[in-house]
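Colleague: Structure supplied as run-v4.csv; contents: CSV, N, CA, C and O atoms.
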```csv
chain,number,residue,atom,x,y,z
A,1,ASP,N,-101.5,127.6,41.2
A,1,ASP,CA,-100.8,126.7,40.3
A,1,ASP,C,-101.2,125.3,40.7
A,1,ASP,O,-101.1,124.9,41.9
A,2,ASP,N,-101.7,124.5,39.8
A,2,ASP,CA,-102.1,123.1,40.1
A,2,ASP,C,-100.9,122.1,39.9
A,2,ASP,O,-101.1,120.9,40.0
A,3,GLY,N,-99.8,122.6,39.5
A,3,GLY,CA,-98.6,121.7,39.3
A,3,GLY,C,-98.5,121.1,38.0
A,3,GLY,O,-97.6,120.3,37.7
A,4,GLY,N,-99.4,121.4,37.1
A,4,GLY,CA,-99.4,120.8,35.7
A,4,GLY,C,-98.2,121.1,35.0
A,4,GLY,O,-97.6,120.2,34.4
A,5,VAL,N,-97.7,122.3,35.0
A,5,VAL,CA,-96.4,122.6,34.3
A,5,VAL,C,-95.3,121.9,34.9
A,5,VAL,O,-94.4,121.3,34.2
A,6,GLU,N,-95.2,121.9,36.2
A,6,GLU,CA,-94.1,121.2,36.9
A,6,GLU,C,-94.1,119.8,36.6
A,6,GLU,O,-93.1,119.2,36.3
A,7,ASN,N,-95.3,119.1,36.6
A,7,ASN,CA,-95.4,117.7,36.3
A,7,ASN,C,-95.0,117.4,34.8
A,7,ASN,O,-94.3,116.4,34.5
A,8,ALA,N,-95.4,118.3,33.9
A,8,ALA,CA,-95.0,118.1,32.5
A,8,ALA,C,-93.5,118.2,32.3
A,8,ALA,O,-92.9,117.4,31.6
A,9,ILE,N,-92.9,119.2,33.0
A,9,ILE,CA,-91.4,119.3,32.8
A,9,ILE,C,-90.7,118.1,33.4
A,9,ILE,O,-89.8,117.6,32.8
A,10,ARG,N,-91.2,117.6,34.6
A,10,ARG,CA,-90.6,116.5,35.2
A,10,ARG,C,-90.7,115.2,34.3
A,10,ARG,O,-89.8,114.4,34.2
A,11,ALA,N,-91.9,115.1,33.7
A,11,ALA,CA,-92.1,114.0,32.8
A,11,ALA,C,-91.2,114.1,31.5
A,11,ALA,O,-90.6,113.1,31.1
A,12,TRP,N,-91.1,115.3,31.0
A,12,TRP,CA,-90.2,115.5,29.9
A,12,TRP,C,-88.7,115.2,30.3
A,12,TRP,O,-88.0,114.5,29.5
A,13,ALA,N,-88.3,115.6,31.5
A,13,ALA,CA,-86.9,115.3,31.9
A,13,ALA,C,-86.7,113.9,32.1
A,13,ALA,O,-85.5,113.4,31.9
A,14,ALA,N,-87.7,113.1,32.3
A,14,ALA,CA,-87.5,111.6,32.5
A,14,ALA,C,-87.1,111.0,31.2
A,14,ALA,O,-86.5,109.9,31.2
A,15,ASN,N,-87.3,111.7,30.0
A,15,ASN,CA,-87.0,111.1,28.7
A,15,ASN,C,-86.0,112.0,27.9
A,15,ASN,O,-85.8,111.7,26.7
A,16,ASP,N,-85.4,113.0,28.5
A,16,ASP,CA,-84.5,113.9,27.8
A,16,ASP,C,-83.4,114.3,28.8
A,16,ASP,O,-83.7,115.1,29.7
A,17,SER,N,-82.2,113.9,28.5
A,17,SER,CA,-81.1,114.1,29.4
A,17,SER,C,-80.8,115.6,29.5
A,17,SER,O,-80.3,116.1,30.6
A,18,LYS,N,-81.0,116.4,28.5
A,18,LYS,CA,-80.7,117.8,28.5
A,18,LYS,C,-81.7,118.5,29.4
A,18,LYS,O,-81.3,119.4,30.3
A,19,VAL,N,-82.9,118.1,29.3
A,19,VAL,CA,-84.0,118.7,30.2
A,19,VAL,C,-83.7,118.3,31.7
A,19,VAL,O,-83.9,119.0,32.6
A,20,ALA,N,-83.3,117.0,31.8
A,20,ALA,CA,-83.0,116.5,33.2
A,20,ALA,C,-81.9,117.3,33.8
A,20,ALA,O,-82.0,117.6,35.0
A,21,ALA,N,-80.9,117.6,33.1
A,21,ALA,CA,-79.8,118.4,33.6
A,21,ALA,C,-80.2,119.8,34.0
A,21,ALA,O,-79.8,120.3,35.1
A,22,ILE,N,-81.1,120.4,33.2
A,22,ILE,CA,-81.6,121.7,33.6
A,22,ILE,C,-82.5,121.6,34.8
A,22,ILE,O,-82.4,122.5,35.7
A,23,LEU,N,-83.3,120.6,34.8
A,23,LEU,CA,-84.2,120.4,36.0
A,23,LEU,C,-83.4,120.2,37.3
A,23,LEU,O,-83.7,120.7,38.3
A,24,ASP,N,-82.3,119.5,37.2
A,24,ASP,CA,-81.5,119.2,38.3
A,24,ASP,C,-80.9,120.6,38.8
A,24,ASP,O,-80.9,120.8,40.0
A,25,ARG,N,-80.5,121.4,37.9
A,25,ARG,CA,-79.9,122.7,38.3
A,25,ARG,C,-81.0,123.6,39.0
A,25,ARG,O,-80.8,124.2,40.0
A,26,VAL,N,-82.2,123.5,38.4
A,26,VAL,CA,-83.4,124.3,39.0
A,26,VAL,C,-83.7,123.7,40.4
A,26,VAL,O,-83.9,124.5,41.3
A,27,ASP,N,-83.7,122.4,40.6
A,27,ASP,CA,-84.0,121.8,41.9
A,27,ASP,C,-83.0,122.3,42.9
A,27,ASP,O,-83.3,122.6,44.0
A,28,ARG,N,-81.7,122.2,42.5
A,28,ARG,CA,-80.6,122.6,43.4
A,28,ARG,C,-80.7,124.1,43.8
A,28,ARG,O,-80.5,124.4,44.9
A,29,ARG,N,-81.1,124.9,42.8
A,29,ARG,CA,-81.2,126.4,43.1
A,29,ARG,C,-82.4,126.6,44.1
A,29,ARG,O,-82.3,127.4,45.0
A,30,ARG,N,-83.5,125.9,43.8
A,30,ARG,CA,-84.6,126.1,44.7
A,30,ARG,C,-84.3,125.6,46.1
A,30,ARG,O,-84.7,126.3,47.1
A,31,LEU,N,-83.6,124.5,46.2
A,31,LEU,CA,-83.3,124.0,47.5
A,31,LEU,C,-82.3,124.9,48.2
A,31,LEU,O,-82.4,125.2,49.4
A,32,SER,N,-81.3,125.4,47.5
A,32,SER,CA,-80.3,126.3,48.1
A,32,SER,C,-81.0,127.6,48.6
A,32,SER,O,-80.7,128.1,49.7
A,33,TYR,N,-81.9,128.1,47.8
A,33,TYR,CA,-82.6,129.3,48.2
A,33,TYR,C,-83.4,129.1,49.5
A,33,TYR,O,-83.4,129.9,50.4
A,34,THR,N,-84.1,128.0,49.5
A,34,THR,CA,-85.0,127.7,50.7
A,34,THR,C,-84.1,127.4,51.9
A,34,THR,O,-84.4,127.9,53.0
A,35,LYS,N,-83.0,126.7,51.7
A,35,LYS,CA,-82.0,126.5,52.8
A,35,LYS,C,-81.6,127.9,53.3
A,35,LYS,O,-81.5,128.1,54.6
A,36,GLU,N,-81.2,128.8,52.5
A,36,GLU,CA,-80.8,130.1,52.9
A,36,GLU,C,-81.8,130.8,53.7
A,36,GLU,O,-81.5,131.5,54.7
A,37,LEU,N,-83.1,130.7,53.4
A,37,LEU,CA,-84.1,131.3,54.2
A,37,LEU,C,-84.1,130.8,55.6
A,37,LEU,O,-84.2,131.5,56.6
A,38,PHE,N,-84.0,129.4,55.8
A,38,PHE,CA,-84.0,128.9,57.1
A,38,PHE,C,-82.7,129.3,57.8
A,38,PHE,O,-82.7,129.6,59.0
A,39,PHE,N,-81.6,129.3,57.1
A,39,PHE,CA,-80.3,129.7,57.7
A,39,PHE,C,-80.4,131.2,58.2
A,39,PHE,O,-79.9,131.5,59.3
A,40,GLU,N,-81.0,132.1,57.4
A,40,GLU,CA,-81.1,133.5,57.8
A,40,GLU,C,-81.9,133.7,59.0
A,40,GLU,O,-81.7,134.7,59.7
A,41,VAL,N,-82.8,132.8,59.3
A,41,VAL,CA,-83.6,132.9,60.6
A,41,VAL,C,-83.0,132.2,61.7
A,41,VAL,O,-83.6,132.1,62.8
A,42,GLY,N,-81.8,131.7,61.5
A,42,GLY,CA,-81.1,131.1,62.7
A,42,GLY,C,-80.9,129.6,62.8
A,42,GLY,O,-80.3,129.2,63.8
A,43,PHE,N,-81.3,128.9,61.8
A,43,PHE,CA,-81.0,127.4,61.8
A,43,PHE,C,-79.6,127.1,61.4
A,43,PHE,O,-79.1,127.8,60.4
A,44,ALA,N,-79.0,126.1,62.0
A,44,ALA,CA,-77.6,125.7,61.5
A,44,ALA,C,-77.7,125.1,60.1
A,44,ALA,O,-78.8,124.7,59.7
A,45,PRO,N,-76.6,125.2,59.4
A,45,PRO,CA,-76.7,124.7,58.0
A,45,PRO,C,-77.3,123.3,57.7
A,45,PRO,O,-78.2,123.2,56.8
A,46,PHE,N,-76.9,122.3,58.5
A,46,PHE,CA,-77.5,121.0,58.3
A,46,PHE,C,-79.0,121.0,58.6
A,46,PHE,O,-79.8,120.5,57.8
A,47,GLU,N,-79.4,121.7,59.6
A,47,GLU,CA,-80.9,121.7,60.0
A,47,GLU,C,-81.6,122.6,58.9
A,47,GLU,O,-82.7,122.2,58.5
A,48,ALA,N,-81.0,123.6,58.4
A,48,ALA,CA,-81.6,124.5,57.4
A,48,ALA,C,-81.8,123.7,56.1
A,48,ALA,O,-82.9,123.7,55.5
A,49,MET,N,-80.9,122.8,55.7
A,49,MET,CA,-81.0,122.0,54.5
A,49,MET,C,-82.1,120.9,54.7
A,49,MET,O,-82.9,120.7,53.8
A,50,THR,N,-82.1,120.3,55.9
A,50,THR,CA,-83.1,119.3,56.2
A,50,THR,C,-84.5,119.9,56.1
A,50,THR,O,-85.4,119.3,55.4
A,51,ARG,N,-84.7,121.1,56.6
A,51,ARG,CA,-86.0,121.7,56.6
A,51,ARG,C,-86.3,122.2,55.1
A,51,ARG,O,-87.5,122.0,54.7
A,52,ALA,N,-85.3,122.6,54.4
A,52,ALA,CA,-85.5,123.0,53.0
A,52,ALA,C,-86.0,121.8,52.2
A,52,ALA,O,-86.9,121.9,51.4
A,53,ARG,N,-85.3,120.7,52.4
A,53,ARG,CA,-85.7,119.5,51.7
A,53,ARG,C,-87.2,119.1,52.0
A,53,ARG,O,-87.9,118.7,51.1
A,54,MET,N,-87.5,119.2,53.3
A,54,MET,CA,-88.9,118.8,53.7
A,54,MET,C,-89.9,119.7,53.0
A,54,MET,O,-90.9,119.2,52.5
A,55,VAL,N,-89.6,121.0,52.9
A,55,VAL,CA,-90.5,121.9,52.2
A,55,VAL,C,-90.6,121.6,50.7
A,55,VAL,O,-91.7,121.5,50.2
A,56,TYR,N,-89.4,121.5,50.1
A,56,TYR,CA,-89.4,121.3,48.7
A,56,TYR,C,-90.0,120.0,48.2
A,56,TYR,O,-90.8,119.9,47.3
A,57,TYR,N,-89.6,118.9,48.9
A,57,TYR,CA,-90.1,117.6,48.5
A,57,TYR,C,-91.6,117.5,48.8
A,57,TYR,O,-92.3,116.9,48.0
A,58,SER,N,-92.1,118.2,49.8
A,58,SER,CA,-93.5,118.3,50.1
A,58,SER,C,-94.2,119.0,48.9
A,58,SER,O,-95.3,118.5,48.4
A,59,LEU,N,-93.7,120.1,48.5
A,59,LEU,CA,-94.3,120.9,47.4
A,59,LEU,C,-94.3,120.1,46.1
A,59,LEU,O,-95.4,120.0,45.4
A,60,VAL,N,-93.2,119.4,45.7
A,60,VAL,CA,-93.2,118.6,44.5
A,60,VAL,C,-94.1,117.5,44.6
A,60,VAL,O,-94.8,117.1,43.7
A,61,GLY,N,-94.2,116.8,45.8
A,61,GLY,CA,-95.1,115.7,46.0
A,61,GLY,C,-96.6,116.2,45.9
A,61,GLY,O,-97.4,115.5,45.3
A,62,GLU,N,-96.8,117.4,46.4
A,62,GLU,CA,-98.2,117.9,46.3
A,62,GLU,C,-98.6,118.2,44.9
A,62,GLU,O,-99.7,117.9,44.5
A,63,PHE,N,-97.6,118.7,44.1
A,63,PHE,CA,-97.9,118.9,42.7
A,63,PHE,C,-98.2,117.5,42.0
A,63,PHE,O,-99.1,117.4,41.2
A,64,THR,N,-97.5,116.5,42.4
A,64,THR,CA,-97.7,115.2,41.8
A,64,THR,C,-99.1,114.6,42.2
A,64,THR,O,-99.8,114.0,41.4
A,65,ILE,N,-99.4,114.6,43.5
A,65,ILE,CA,-100.6,114.0,44.0
A,65,ILE,C,-101.8,114.9,43.8
A,65,ILE,O,-102.9,114.5,43.6
A,66,GLY,N,-101.6,116.2,44.0
A,66,GLY,CA,-102.7,117.2,43.9
A,66,GLY,C,-102.9,117.9,45.2
A,66,GLY,O,-102.5,117.4,46.3
A,67,THR,N,-103.5,119.0,45.2
A,67,THR,CA,-103.8,119.8,46.4
A,67,THR,C,-105.3,119.6,46.7
A,67,THR,O,-106.1,119.3,45.9
A,68,ARG,N,-105.6,120.0,48.0
A,68,ARG,CA,-107.0,120.0,48.4
A,68,ARG,C,-107.7,121.1,47.8
A,68,ARG,O,-107.2,122.2,47.6
A,69,ALA,N,-109.0,120.8,47.4
A,69,ALA,CA,-109.8,121.9,46.8
A,69,ALA,C,-110.3,122.9,47.8
A,69,ALA,O,-110.5,124.0,47.4
A,70,ASN,N,-110.4,122.5,49.0
A,70,ASN,CA,-110.9,123.4,50.1
A,70,ASN,C,-109.8,124.4,50.4
A,70,ASN,O,-108.8,124.1,51.1
A,71,ARG,N,-109.9,125.7,50.0
A,71,ARG,CA,-108.9,126.7,50.2
A,71,ARG,C,-108.7,127.0,51.7
A,71,ARG,O,-107.5,127.2,52.1
A,72,ASP,N,-109.7,127.1,52.5
A,72,ASP,CA,-109.5,127.3,53.9
A,72,ASP,C,-108.7,126.2,54.6
A,72,ASP,O,-107.9,126.5,55.4
A,73,GLU,N,-109.0,125.0,54.3
A,73,GLU,CA,-108.3,123.8,54.8
A,73,GLU,C,-106.9,123.9,54.4
A,73,GLU,O,-105.9,123.6,55.2
A,74,ARG,N,-106.6,124.2,53.2
A,74,ARG,CA,-105.2,124.3,52.6
A,74,ARG,C,-104.5,125.4,53.3
A,74,ARG,O,-103.3,125.2,53.7
A,75,LEU,N,-105.1,126.5,53.5
A,75,LEU,CA,-104.4,127.7,54.2
A,75,LEU,C,-104.1,127.3,55.7
A,75,LEU,O,-103.0,127.6,56.1
A,76,ALA,N,-105.0,126.6,56.3
A,76,ALA,CA,-104.7,126.2,57.7
A,76,ALA,C,-103.6,125.2,57.7
A,76,ALA,O,-102.7,125.2,58.6
A,77,GLU,N,-103.5,124.3,56.8
A,77,GLU,CA,-102.4,123.3,56.7
A,77,GLU,C,-101.1,124.0,56.4
A,77,GLU,O,-100.1,123.7,57.1
A,78,ILE,N,-101.1,125.0,55.6
A,78,ILE,CA,-99.8,125.7,55.3
A,78,ILE,C,-99.3,126.5,56.5
A,78,ILE,O,-98.2,126.5,56.9
A,79,ARG,N,-100.3,127.0,57.3
A,79,ARG,CA,-99.9,127.7,58.5
A,79,ARG,C,-99.3,126.8,59.5
A,79,ARG,O,-98.3,127.1,60.2
A,80,LEU,N,-99.9,125.6,59.6
A,80,LEU,CA,-99.4,124.6,60.6
A,80,LEU,C,-98.0,124.1,60.1
A,80,LEU,O,-97.1,123.9,60.9
A,81,GLN,N,-97.8,123.9,58.8
A,81,GLN,CA,-96.5,123.4,58.3
A,81,GLN,C,-95.5,124.5,58.6
A,81,GLN,O,-94.4,124.2,59.1
A,82,HIS,N,-95.8,125.8,58.4
A,82,HIS,CA,-94.9,126.9,58.8
A,82,HIS,C,-94.5,126.8,60.2
A,82,HIS,O,-93.3,126.9,60.6
A,83,ALA,N,-95.5,126.7,61.1
A,83,ALA,CA,-95.2,126.6,62.5
A,83,ALA,C,-94.3,125.5,62.9
A,83,ALA,O,-93.4,125.6,63.7
A,84,ILE,N,-94.6,124.3,62.3
A,84,ILE,CA,-93.8,123.1,62.6
A,84,ILE,C,-92.3,123.3,62.1
A,84,ILE,O,-91.4,123.0,62.8
A,85,LEU,N,-92.2,123.8,60.9
A,85,LEU,CA,-90.9,123.9,60.3
A,85,LEU,C,-90.0,125.0,60.8
A,85,LEU,O,-88.8,125.0,60.7
A,86,THR,N,-90.6,126.0,61.5
A,86,THR,CA,-89.8,127.1,62.0
A,86,THR,C,-89.7,127.0,63.5
A,86,THR,O,-89.0,127.8,64.2
A,87,ARG,N,-90.3,126.0,64.1
A,87,ARG,CA,-90.2,125.8,65.6
A,87,ARG,C,-88.8,125.3,65.9
A,87,ARG,O,-88.2,124.5,65.2
A,88,ARG,N,-88.4,125.8,67.0
A,88,ARG,CA,-87.1,125.3,67.6
A,88,ARG,C,-87.4,124.4,68.7
A,88,ARG,O,-88.3,124.6,69.5
A,89,ASN,N,-86.6,123.3,68.9
A,89,ASN,CA,-86.8,122.3,69.9
A,89,ASN,C,-86.6,122.9,71.3
A,89,ASN,O,-85.9,123.8,71.6
```
Before anything else, please render the file you have as structure tokens.

Modeller:
Amino acid sequence: DDGGVENAIRAWAANDSKVAAILDRVDRRRLSYTKELFFEVGFAPFEAMTRARMVYYSLVGEFTIGTRANRDERLAEIRLQHAILTRRN
């Protein structure tokens, strides 16, 4: 997915309050789901939500800016992000 559909929906939501409300619910559900994944592997609620936001905002930002064309580089980056976000202090 190159993020085209996500970007189109977000652009539409910027000009349509009904779409914006739906997008807000979708964003909250995605964040909640991602938070629960971190919570299930043992992070406290606040830390789980912080990590979920980092993941989600990074993904949305990547859709906006674009992803790297080099698949091997992208896979290595994803693995490093996973290691960083699941590491405990």

Colleague: Using only C-alpha atoms, which residues sit within 9 Å of Val55 (chain A) once same-chain residues fewer than 3 positions away are excluded, as a count of residues only?

Modeller: 10

Colleague: What is the distance, in Å and to one decimal place, between CA of Val5 (chain A) and CA of Arg74 (chain A)?

Modeller: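 Atom-to-atom, CA of Val5 (chain A) to CA of Arg74 (chain A), that is 20.4 Å.
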
Colleague: Please report the interatomic distance between atom C of Arg30 (chain A) and atom N of Ile84 (chain A) in Å with one decimal.

Modeller: 19.2 Å

Colleague: Pick out the residues sitting within 8 Å of Glu6 (chain A), and hand them over as a PDB file with N, CA, C and O atoms, in the frame of the given file; count only N, CA, C and O atoms, and ignore anything fewer than 5 positions along from it in its own chain.

Modeller:
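Just written: part-v1.pdb:
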```pdb
ATOM      1  N   ALA A  11     -91.900 115.100  33.700  1.00  0.00           N
ATOM      2  CA  ALA A  11     -92.100 114.000  32.800  1.00  0.00           C
ATOM      3  C   ALA A  11     -91.200 114.100  31.500  1.00  0.00           C
ATOM      4  O   ALA A  11     -90.600 113.100  31.100  1.00  0.00           O
ATOM      5  N   TRP A  12     -91.100 115.300  31.000  1.00  0.00           N
ATOM      6  CA  TRP A  12     -90.200 115.500  29.900  1.00  0.00           C
ATOM      7  C   TRP A  12     -88.700 115.200  30.300  1.00  0.00           C
ATOM      8  O   TRP A  12     -88.000 114.500  29.500  1.00  0.00           O
ATOM      9  N   ALA A  13     -88.300 115.600  31.500  1.00  0.00           N
ATOM     10  CA  ALA A  13     -86.900 115.300  31.900  1.00  0.00           C
ATOM     11  C   ALA A  13     -86.700 113.900  32.100  1.00  0.00           C
ATOM     12  O   ALA A  13     -85.500 113.400  31.900  1.00  0.00           O
ATOM     13  N   VAL A  60     -93.200 119.400  45.700  1.00  0.00           N
ATOM     14  CA  VAL A  60     -93.200 118.600  44.500  1.00  0.00           C
ATOM     15  C   VAL A  60     -94.100 117.500  44.600  1.00  0.00           C
ATOM     16  O   VAL A  60     -94.800 117.100  43.700  1.00  0.00           O
ATOM     17  N   PHE A  63     -97.600 118.700  44.100  1.00  0.00           N
ATOM     18  CA  PHE A  63     -97.900 118.900  42.700  1.00  0.00           C
ATOM     19  C   PHE A  63     -98.200 117.500  42.000  1.00  0.00           C
ATOM     20  O   PHE A  63     -99.100 117.400  41.200  1.00  0.00           O
ATOM     21  N   THR A  64     -97.500 116.500  42.400  1.00  0.00           N
ATOM     22  CA  THR A  64     -97.700 115.200  41.800  1.00  0.00           C
ATOM     23  C   THR A  64     -99.100 114.600  42.200  1.00  0.00           C
ATOM     24  O   THR A  64     -99.800 114.000  41.400  1.00  0.00           O
TER      25      THR A  64
END
```

Colleague: Between A:Arg28, A:Asn89, A:Asp16, A:Asn70, single out the one closest to Tyr57 (chain A), counting only C-alpha atoms.

Modeller: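 Selected residue with least distance to Tyr57 (chain A): A:Arg28.
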
Colleague: Would you mind writing down, as a count of residues only, each residue of chain A that DSSP on the backbone assigns to alpha helix (DSSP H)?

Modeller: 71

Colleague: Report the distance between CA of Gly66 (chain A) and atom C of Val26 (chain A) in Å, rounded to one decimal place.

Modeller: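 A separation of 20.4 Å between them.
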
Colleague: Extract, using only N, CA, C and O atoms, all DNA, RNA and protein residues at most 8 Å from Thr67 (chain A), discarding same-chain residues fewer than 4 positions from it, and format them as a ChimeraX atom specification.

Modeller: /A:1-3,61-63,74

Colleague: Write out as a ChimeraX atom specification which residues come within 7 Å of Lys35 (chain A) when counting only C-alpha atoms, dropping same-chain ones fewer than 3 positions away.

Modeller: /A:31-32,38-39,48-49,52

Colleague: Ranking A:Val41, A:Asp27, A:Glu73, A:Phe46 by minimum distance to Thr86 (chain A) and counting only N, CA, C and O atoms, which one comes first?

Modeller: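 Smallest separation from Thr86 (chain A) among the options: A:Val41.
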
Colleague: From the set A:Ile65, A:Asp72, A:Ile78, A:Tyr33, which residue has the shortest atom-to-atom contact distance to Asn7 (chain A), counting only C-alpha atoms?

Modeller: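 Of all the options, A:Ile65 lies closest to Asn7 (chain A).
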
Colleague: Please return region 33-42 of chain A, rebuilt to all heavy atoms, as a JSON list (two decimals), in the frame of the given file.

Modeller:
```
[["chain", "number", "residue", "atom", "x", "y", "z"],
["A", 33, "TYR", "N", -81.90, 128.10, 47.80],
["A", 33, "TYR", "CA", -82.60, 129.30, 48.20],
["A", 33, "TYR", "C", -83.40, 129.10, 49.50],
["A", 33, "TYR", "O", -83.40, 129.90, 50.40],
["A", 33, "TYR", "CB", -83.55, 129.79, 47.06],
["A", 33, "TYR", "CG", -84.46, 130.92, 47.46],
["A", 33, "TYR", "CD1", -83.96, 132.23, 47.57],
["A", 33, "TYR", "CD2", -85.80, 130.70, 47.74],
["A", 33, "TYR", "CE1", -84.79, 133.27, 47.95],
["A", 33, "TYR", "CE2", -86.63, 131.74, 48.13],
["A", 33, "TYR", "CZ", -86.12, 133.02, 48.22],
["A", 33, "TYR", "OH", -86.94, 134.06, 48.61],
["A", 34, "THR", "N", -84.10, 128.00, 49.50],
["A", 34, "THR", "CA", -85.00, 127.70, 50.70],
["A", 34, "THR", "C", -84.10, 127.40, 51.90],
["A", 34, "THR", "O", -84.40, 127.90, 53.00],
["A", 34, "THR", "CB", -85.88, 126.45, 50.37],
["A", 34, "THR", "OG1", -86.60, 126.71, 49.15],
["A", 34, "THR", "CG2", -86.86, 126.21, 51.49],
["A", 35, "LYS", "N", -83.00, 126.70, 51.70],
["A", 35, "LYS", "CA", -82.00, 126.50, 52.80],
["A", 35, "LYS", "C", -81.60, 127.90, 53.30],
["A", 35, "LYS", "O", -81.50, 128.10, 54.60],
["A", 35, "LYS", "CB", -80.83, 125.72, 52.32],
["A", 35, "LYS", "CG", -79.76, 125.59, 53.38],
["A", 35, "LYS", "CD", -78.46, 125.08, 52.82],
["A", 35, "LYS", "CE", -77.37, 125.19, 53.87],
["A", 35, "LYS", "NZ", -76.05, 125.06, 53.31],
["A", 36, "GLU", "N", -81.20, 128.80, 52.50],
["A", 36, "GLU", "CA", -80.80, 130.10, 52.90],
["A", 36, "GLU", "C", -81.80, 130.80, 53.70],
["A", 36, "GLU", "O", -81.50, 131.50, 54.70],
["A", 36, "GLU", "CB", -80.33, 130.96, 51.73],
["A", 36, "GLU", "CG", -79.02, 130.50, 51.12],
["A", 36, "GLU", "CD", -77.88, 130.48, 52.12],
["A", 36, "GLU", "OE1", -77.70, 131.45, 52.88],
["A", 36, "GLU", "OE2", -77.17, 129.46, 52.15],
["A", 37, "LEU", "N", -83.10, 130.70, 53.40],
["A", 37, "LEU", "CA", -84.10, 131.30, 54.20],
["A", 37, "LEU", "C", -84.10, 130.80, 55.60],
["A", 37, "LEU", "O", -84.20, 131.50, 56.60],
["A", 37, "LEU", "CB", -85.52, 131.05, 53.54],
["A", 37, "LEU", "CG", -85.76, 131.71, 52.18],
["A", 37, "LEU", "CD1", -87.12, 131.28, 51.63],
["A", 37, "LEU", "CD2", -85.69, 133.23, 52.30],
["A", 38, "PHE", "N", -84.00, 129.40, 55.80],
["A", 38, "PHE", "CA", -84.00, 128.90, 57.10],
["A", 38, "PHE", "C", -82.70, 129.30, 57.80],
["A", 38, "PHE", "O", -82.70, 129.60, 59.00],
["A", 38, "PHE", "CB", -84.07, 127.33, 57.03],
["A", 38, "PHE", "CG", -85.47, 126.85, 56.81],
["A", 38, "PHE", "CD1", -85.82, 126.23, 55.62],
["A", 38, "PHE", "CD2", -86.45, 127.01, 57.77],
["A", 38, "PHE", "CE1", -87.11, 125.77, 55.41],
["A", 38, "PHE", "CE2", -87.75, 126.56, 57.57],
["A", 38, "PHE", "CZ", -88.08, 125.94, 56.38],
["A", 39, "PHE", "N", -81.60, 129.30, 57.10],
["A", 39, "PHE", "CA", -80.30, 129.70, 57.70],
["A", 39, "PHE", "C", -80.40, 131.20, 58.20],
["A", 39, "PHE", "O", -79.90, 131.50, 59.30],
["A", 39, "PHE", "CB", -79.19, 129.58, 56.61],
["A", 39, "PHE", "CG", -77.82, 129.87, 57.12],
["A", 39, "PHE", "CD1", -77.20, 129.00, 58.02],
["A", 39, "PHE", "CD2", -77.13, 130.99, 56.71],
["A", 39, "PHE", "CE1", -75.92, 129.26, 58.50],
["A", 39, "PHE", "CE2", -75.86, 131.26, 57.19],
["A", 39, "PHE", "CZ", -75.26, 130.40, 58.09],
["A", 40, "GLU", "N", -81.00, 132.10, 57.40],
["A", 40, "GLU", "CA", -81.10, 133.50, 57.80],
["A", 40, "GLU", "C", -81.90, 133.70, 59.00],
["A", 40, "GLU", "O", -81.70, 134.70, 59.70],
["A", 40, "GLU", "CB", -81.68, 134.29, 56.62],
["A", 40, "GLU", "CG", -80.70, 134.49, 55.48],
["A", 40, "GLU", "CD", -81.31, 135.23, 54.30],
["A", 40, "GLU", "OE1", -82.41, 135.81, 54.44],
["A", 40, "GLU", "OE2", -80.67, 135.23, 53.24],
["A", 41, "VAL", "N", -82.80, 132.80, 59.30],
["A", 41, "VAL", "CA", -83.60, 132.90, 60.60],
["A", 41, "VAL", "C", -83.00, 132.20, 61.70],
["A", 41, "VAL", "O", -83.60, 132.10, 62.80],
["A", 41, "VAL", "CB", -85.13, 132.58, 60.37],
["A", 41, "VAL", "CG1", -85.79, 133.52, 59.37],
["A", 41, "VAL", "CG2", -85.32, 131.13, 59.97],
["A", 42, "GLY", "N", -81.80, 131.70, 61.50],
["A", 42, "GLY", "CA", -81.10, 131.10, 62.70],
["A", 42, "GLY", "C", -80.90, 129.60, 62.80],
["A", 42, "GLY", "O", -80.30, 129.20, 63.80]]
```
